[in-house]
Amino acid sequence: MAASPYMIGVDIGTTSTKAVLFKQDGSIVAQGGADYPLHTPTPAIAEQDAEDIFQAVISSVHQATSKAGVQPEDILFVSFSSAMHSILPVDAQGKPLMRAMTWADNRSAEWTEALKSEMNGHEIYLRTGTPIHPMSPLTKMMWLTREEPDLFRQTHKLISMKEYVFYKLFSEFVIDHSMASATGLMNLEKLEWDTEALHVAGITPEHLSSLVPTTHVLKEGLNPEYAKAMGIAETTPFVIGASDGVLSNLGVNAIDPGVVAVTIGTSGAIRTVVDKPVTDLKGRFFCYALTEDQWVIGGPVNNGGVIFRWIRDEFAASEVETAKRLGIDPYEVLTRVAENVPPGSDGLLFHPYMTGERAPLWNPNARGSFFGLTLHHKKEHMIRAALEGVLFNLYTVMLAIEEKIGRPKKIQATGGFARSELWRQMMADIFDQDVIIPESIESSCLGAAVLGLYATGRIDSLSAVSGMIGSTHRHKPHPERVRVYRELLPIFIRISRKFEEEYADIAAFQNRMMQE
């Protein structure tokens, strides 16, 4: 395969956008990025400004092309990954009518409960693959159509952030099957909008974009002003791509049967690829499209690295000061502290539900807690218990997936957590699996680029990604630590199941206090 020309993978995230310019062999040439705020004026609201994100895409691509010094005609294509579950009402001119509601927005919590209890929500999930939860665009639309009728009357389309970007670039409203499969509105078997889901949402098909495959390529109509701003040719093909979760699996080569990808960044997820749509009778995991014959099942968790950051900010002033003095990362100091505590934290458990929880509880009212505290426990126990709690929670999602695919063959792990040797080894011990850390750190961008190669006919199979990633770390489980964690895991699981009523009551109390 020739070393040039080049391909660009773009990943539109919750708080930042990245663009990576790759050679065709998957090696990184240059990259760019831009951050933007997540607006959270109340605990229930989590919004983004659509124009901030669009400008971040333009800026990120420009940074990558200018750093590399490539000619516009050397870019084979630009392919996209995007965070899921955002909803943006726009008028007939494509102008936003409000900020975009992100996956973290909980304003539809009451409508979620109504959908679960009164409106055949579970049957809709079984057809559409998106668990019934406030993250779901279906529930957000229920909130919008019922509680903001004046705004809805002005709405021409209800779109995601990626759809907004493509509309700005090409003046077309299109949505790929992957992003659509994360709306709770697309029938997975038919690859069409689901009639009952639309009725429950209070919308018609005309309110939504045209459905296209993840390999759909837009070759004409790119706005010349934006092409120039990005440093690419007006004729550059744009591959619509897929969602960030499924492309992360592709980007770490976790697309073969039995291979599981685990990601822990601010939040986290665990996913595996299957050859046809699969949903869960208990509603515990999602099913999203990668291509028309490859589907990703798994579960997202709200509480990943955000827990470690909370520990740093609220518990670790002295450790942060030590890190400054030594000129090292504060997380490295915290990890060293946690290493002094035995596996299982001397019987201290931490439920990491600081921001509610998606999988496996699907409960926005869930709250964090330490369980088993005694006078023997010190701060270092709490630090280690928090790290273990994040992994315990992810492992419970793995248990649901195992019911469908059996025991995984291997685990490919990525995300910011992979910088910590302790946390990587902890994952191997809790999951009782070999954990492999691939070399590729921008997995969603690489996944988008590989999908772009496939969409433009330059590779015959997505398995070509196997030659584009390396392996930087491999961790094997320690039998004695596995035994400790196997004793604690059932206790961890039972507690979260028993607390459902208490979670609801304490969340109601907290919400009331914040509003007074």
# chains A, B, ... in the order shown; residues from 1 in each chain; ligands from 1

$ select_by_dssp --residues "region 264-344 of chain A" --states "strand (DSSP E or B)" --output "list in words"
Ile264, Gly268, Ala269, Ile270, Arg271, Thr272, Val273, Val274, Phe286, Cys287, Tyr288, Ala289, Leu290, Thr291, Gln294, Trp295, Val296, Ile297, Gly298, Gly299, Pro300 and Val301 of chain A

$ residues_around --residues "Ala508 (chain A)" --least-positions-apart "2" --cutoff "12 Å" --atoms "only C-alpha atoms" --output "list in words"
Pro43, Ala109, Glu110, Pro364, Asn365, Ala366, Arg367, Glu501, Glu502, Tyr503, Ala504, Asp505, Ile506, Gln510, Asn511, Arg512, Met513, Met514 and Gln515 of chain A

$ residues_around --residues "region 15-19 of chain A" --least-positions-apart "2" --cutoff "8 Å" --atoms "only C-alpha atoms" --output "MDAnalysis selection string"
chainID A and resid 8:13 21 31:38 53 56:57 60:61 64 445

$ residues_around --residues "Asn303 (chain A)" --least-positions-apart "5" --cutoff "7 Å" --atoms "only C-alpha atoms" --output "list of chain:residue names"
A:Ser267, A:Gly268, A:Pro352, A:Tyr353, A:Met354, A:Thr355, A:Val390

$ write_last_selection --atoms "N, CA, C and O atoms" --output "PDB file, in the first residue's frame"
ATOM      1  N   SER A 267     -15.960   8.766  30.797  1.00  0.00           N
ATOM      2  CA  SER A 267     -16.940   7.709  31.056  1.00  0.00           C
ATOM      3  C   SER A 267     -16.312   6.389  30.621  1.00  0.00           C
ATOM      4  O   SER A 267     -15.084   6.271  30.594  1.00  0.00           O
ATOM      5  N   GLY A 268     -17.101   5.409  30.264  1.00  0.00           N
ATOM      6  CA  GLY A 268     -16.519   4.133  29.846  1.00  0.00           C
ATOM      7  C   GLY A 268     -17.511   3.330  29.033  1.00  0.00           C
ATOM      8  O   GLY A 268     -18.692   3.688  28.928  1.00  0.00           O
ATOM      9  N   PRO A 352     -19.638   3.466  42.004  1.00  0.00           N
ATOM     10  CA  PRO A 352     -19.178   4.712  41.386  1.00  0.00           C
ATOM     11  C   PRO A 352     -20.268   5.519  40.680  1.00  0.00           C
ATOM     12  O   PRO A 352     -19.999   6.163  39.668  1.00  0.00           O
ATOM     13  N   TYR A 353     -21.481   5.517  41.222  1.00  0.00           N
ATOM     14  CA  TYR A 353     -22.605   6.115  40.496  1.00  0.00           C
ATOM     15  C   TYR A 353     -22.762   7.602  40.813  1.00  0.00           C
ATOM     16  O   TYR A 353     -23.838   8.079  41.159  1.00  0.00           O
ATOM     17  N   MET A 354     -21.663   8.343  40.647  1.00  0.00           N
ATOM     18  CA  MET A 354     -21.656   9.764  41.005  1.00  0.00           C
ATOM     19  C   MET A 354     -22.483  10.599  40.042  1.00  0.00           C
ATOM     20  O   MET A 354     -22.932  11.689  40.387  1.00  0.00           O
ATOM     21  N   THR A 355     -22.691  10.116  38.830  1.00  0.00           N
ATOM     22  CA  THR A 355     -23.470  10.863  37.833  1.00  0.00           C
ATOM     23  C   THR A 355     -24.653  10.027  37.350  1.00  0.00           C
ATOM     24  O   THR A 355     -24.993  10.031  36.163  1.00  0.00           O
ATOM     25  N   VAL A 390     -15.034   1.223  39.671  1.00  0.00           N
ATOM     26  CA  VAL A 390     -15.267   1.498  38.248  1.00  0.00           C
ATOM     27  C   VAL A 390     -15.186   0.200  37.444  1.00  0.00           C
ATOM     28  O   VAL A 390     -16.017  -0.067  36.568  1.00  0.00           O
TER      29      VAL A 390
END

$ atom_distance --atom1 "CA of His478 (chain A)" --atom2 "CA of Val435 (chain A)"
12.0 Å

$ decode --residues "region 80-109 of chain A" --atoms "N, CA, C and O atoms" --output "compact mmCIF listing (two decimals), in the first residue's frame"
# COMPACT_ATOMS: atom_id res chain seq x y z
N PHE A 80 -15.92 10.28 9.34
CA PHE A 80 -16.37 10.81 10.63
C PHE A 80 -16.79 9.75 11.65
O PHE A 80 -17.45 8.78 11.34
N SER A 81 -16.40 10.05 12.89
CA SER A 81 -16.90 9.39 14.10
C SER A 81 -17.59 10.47 14.92
O SER A 81 -17.23 11.64 14.84
N SER A 82 -18.57 10.08 15.72
CA SER A 82 -19.26 11.08 16.52
C SER A 82 -19.85 10.47 17.78
O SER A 82 -20.29 9.32 17.77
N ALA A 83 -19.87 11.27 18.84
CA ALA A 83 -20.61 10.89 20.04
C ALA A 83 -22.09 10.74 19.69
O ALA A 83 -22.61 11.40 18.79
N MET A 84 -22.76 9.86 20.43
CA MET A 84 -24.16 9.54 20.14
C MET A 84 -25.12 10.33 21.02
O MET A 84 -24.72 11.02 21.94
N HIS A 85 -26.42 10.21 20.68
CA HIS A 85 -27.54 10.59 21.53
C HIS A 85 -27.80 12.09 21.66
O HIS A 85 -28.59 12.50 22.50
N SER A 86 -27.17 12.93 20.84
CA SER A 86 -27.48 14.36 20.91
C SER A 86 -28.72 14.67 20.08
O SER A 86 -29.02 13.99 19.09
N ILE A 87 -29.44 15.70 20.49
CA ILE A 87 -30.65 16.14 19.77
C ILE A 87 -30.60 17.66 19.64
O ILE A 87 -30.44 18.38 20.64
N LEU A 88 -30.76 18.13 18.40
CA LEU A 88 -30.74 19.55 18.11
C LEU A 88 -31.93 19.90 17.22
O LEU A 88 -32.00 19.45 16.07
N PRO A 89 -32.90 20.69 17.70
CA PRO A 89 -33.98 21.15 16.83
C PRO A 89 -33.47 22.30 15.95
O PRO A 89 -32.84 23.24 16.44
N VAL A 90 -33.74 22.21 14.64
CA VAL A 90 -33.35 23.29 13.72
C VAL A 90 -34.57 23.70 12.90
O VAL A 90 -35.50 22.91 12.69
N ASP A 91 -34.55 24.94 12.40
CA ASP A 91 -35.65 25.43 11.58
C ASP A 91 -35.42 25.06 10.11
O ASP A 91 -34.47 24.33 9.79
N ALA A 92 -36.26 25.56 9.23
CA ALA A 92 -36.21 25.17 7.82
C ALA A 92 -34.92 25.62 7.14
O ALA A 92 -34.55 25.07 6.09
N GLN A 93 -34.22 26.58 7.71
CA GLN A 93 -32.93 27.02 7.18
C GLN A 93 -31.76 26.31 7.85
O GLN A 93 -30.59 26.62 7.59
N GLY A 94 -32.06 25.33 8.71
CA GLY A 94 -31.01 24.61 9.40
C GLY A 94 -30.42 25.36 10.57
O GLY A 94 -29.37 24.98 11.10
N LYS A 95 -31.09 26.41 11.02
CA LYS A 95 -30.58 27.22 12.14
C LYS A 95 -31.02 26.59 13.47
O LYS A 95 -32.20 26.27 13.65
N PRO A 96 -30.08 26.40 14.40
CA PRO A 96 -30.45 25.81 15.70
C PRO A 96 -31.46 26.67 16.45
O PRO A 96 -31.36 27.90 16.47
N LEU A 97 -32.44 26.01 17.07
CA LEU A 97 -33.46 26.69 17.85
C LEU A 97 -33.14 26.67 19.34
O LEU A 97 -33.82 27.33 20.13
N MET A 98 -32.14 25.89 19.74
CA MET A 98 -31.67 25.82 21.12
C MET A 98 -30.30 25.16 21.07
O MET A 98 -29.84 24.73 20.02
N ARG A 99 -29.63 25.09 22.21
CA ARG A 99 -28.41 24.29 22.26
C ARG A 99 -28.76 22.81 22.13
O ARG A 99 -29.87 22.40 22.46
N ALA A 100 -27.81 22.03 21.67
CA ALA A 100 -28.04 20.59 21.52
C ALA A 100 -28.08 19.92 22.88
O ALA A 100 -27.24 20.20 23.76
N MET A 101 -29.05 19.03 23.08
CA MET A 101 -29.11 18.21 24.28
C MET A 101 -28.18 17.02 24.09
O MET A 101 -28.28 16.30 23.10
N THR A 102 -27.24 16.80 25.01
CA THR A 102 -26.28 15.72 24.88
C THR A 102 -26.80 14.46 25.57
O THR A 102 -27.84 14.47 26.22
N TRP A 103 -26.01 13.38 25.44
CA TRP A 103 -26.36 12.12 26.10
C TRP A 103 -26.52 12.30 27.60
O TRP A 103 -27.28 11.57 28.25
N ALA A 104 -25.81 13.27 28.18
CA ALA A 104 -25.82 13.45 29.64
C ALA A 104 -27.01 14.27 30.13
O ALA A 104 -27.17 14.44 31.35
N ASP A 105 -27.83 14.77 29.23
CA ASP A 105 -28.97 15.59 29.62
C ASP A 105 -30.09 14.70 30.18
O ASP A 105 -30.48 13.70 29.57
N ASN A 106 -30.61 15.06 31.36
CA ASN A 106 -31.59 14.21 32.06
C ASN A 106 -32.99 14.83 32.14
O ASN A 106 -33.82 14.38 32.93
N ARG A 107 -33.27 15.83 31.31
CA ARG A 107 -34.58 16.48 31.41
C ARG A 107 -35.73 15.53 31.06
O ARG A 107 -36.88 15.79 31.43
N SER A 108 -35.43 14.46 30.35
CA SER A 108 -36.50 13.55 29.95
C SER A 108 -36.69 12.39 30.93
O SER A 108 -37.32 11.39 30.60
N ALA A 109 -36.17 12.54 32.15
CA ALA A 109 -36.23 11.43 33.12
C ALA A 109 -37.66 10.97 33.40
O ALA A 109 -37.95 9.77 33.44
